[in-house]
Amino acid sequence: MELRYTPEELTRLPRSVEYEKGKVIMIDQTLLPREFRTIELTTVDEVADAIVTMKVRGAPAIGASAAFGLALYADTTKAKTKDEFMDGFYSAYDRLKNTRPTAVNLFWALNRIKKLVEEHLESPLEEIKHLIVSEAQKIADEDVEANLRMGHYGAEVLPEGNVLTHCNAGSLATVQLGTVGAVLRVMHRDGNLKLLWVDETRPVLQGARLSAWEYHYDGIPLKLITDNMAGFVMQQGKVDAIIVGADRIVANGDFANKIGTYSLAVLAREHGIPFFTVAPLSTIDMSLRNGKEIPIEERKPEEILTCGGCKIAPDVDVYNPAFDVTPHKYLTGIITDRGVVWPPFERNLKRLFNNPG
């Protein structure tokens with residue numbers, strides 16, 4: 001795979017989350033698009049709260065943020081002995097692990113660092129601390145590299161024309177560039193993306209607040225639509241491909257993504273439109289056999305009862321699943337940082353993991 005572009009050639013946006021000794025720095029996504037502001041977090045609890053309240057969101061960005069939370073613990077702990085340090089480490093690990101249940105990158109990043117620490121328990125304490133910080137930074141850097149590769153892989157298989165996307169799987173959902181975002185940016189750079197249709201993505205409007213903001217910022221031509229307009233836009237022949245992110249892909253190719261994705265997949269099948277999901281290997285959970293086993297997060301009713309702080313519905317019972325599961329039969333392909341996986345997904349995902357290089 002020839003990587004024709006660098007991250008700097010594809011986006012003007014900074015990294016969504018970074019680490020400096022003693023602080024995690026992230027873009028506060030709850031303020032967009034009204035205000036662009038970075039916040040500095042200095043405790044594990046603050047990092048965990050930022051994940052829960054979606055100041056940072058998107059599976060890869062959540063994973064990197066959690067890793068940086070452990071780095072923050074390593075750099076700021078007052079523990080004097082290795083036993084004290086490990087007690088605090090496991091406490092920080094549990095605090096971060098219990099923030100959100102669906103995005104598998106969270107657990108992947110935390111477990112990667114935990115495994116490394118447990119393999120070096122005989123090492124001096126200062127060396128263990130250094131390993132944690134170094135591994136967290138490596139996770140973030142690898143995410144940017146993976147996104148760049150996915151951008152080039154995806155741009156090779158998507159047709160030229162108009163593309164529709166849902167939620168936000170751009171720079172703001174990853175450390176930089178995005179999963180979907182990288183594909184769109186490479187297509188735009190190549191001149192193959194004519195128009196991007198952006199679903200607003202109720203109930204928290206990640207499409208309207210975040211995707212429309214960041215793609216407009218990078219000069220990508222787009223039109224924002226409400227979620228329930230997508231079918232009509234397809235019926236009019238104005239969509240040539242659909243591309244979405246993923247929070248967890250399982251062994252048979254079923255995947256969880258922001259609520260509303262399943263509806264798009266069904267509509268895409270009806271209208272003969274190619275439907276792709278894009279995610280790094282860290283989003284693929286081979287321990288689960290099918291989508292029925294994916295835990296689905298349910299969020300507070302206020303997200304549906306209010307909009308921008310304004311009451312838009314009476315106090316009635318609310319069902320607010322943050323994600324839905326799209327069966328693999330609706331997928332044209334899965335774009336990963338190791339190439340495009342085509343059906344049959346169960347066989348080809350297994351082959352990918354048996355030969356990840």
# chains A, B, ... in the order shown; residues from 1 in each chain; ligands from 1

$ residues_around --residues "A:Asp143" --least-positions-apart "5" --cutoff "9 Å" --atoms "only C-alpha atoms" --output "MDAnalysis selection string"
chainID A and resid 60:61 64 138 148 174:176 178 280

$ residues_around --residues "A:Lys21" --least-positions-apart "4" --cutoff "10 Å" --atoms "only C-alpha atoms" --output "list in words"
Thr42, Ala71, Leu72, Ala74, Asp75, Thr76 and Val133 of chain A

$ closest_residue --among "A:Leu121, A:Cys167, A:Val56, A:Leu10" --to "A:Val183" --atoms "only C-alpha atoms"
A:Leu10

$ atom_distance --atom1 "atom CA of A:Lys23" --atom2 "atom CA of A:Val47"
9.6 Å

$ residues_around --residues "stretch 149-166 of chain A" --least-positions-apart "6" --cutoff "9 Å" --atoms "only C-alpha atoms" --output "VMD selection string"
chain A and resid 1 to 5 177 to 187 190 to 201 206 to 207 211 227 230 238 to 245 258 260 to 261 264 274 276 278 to 280 335 to 340
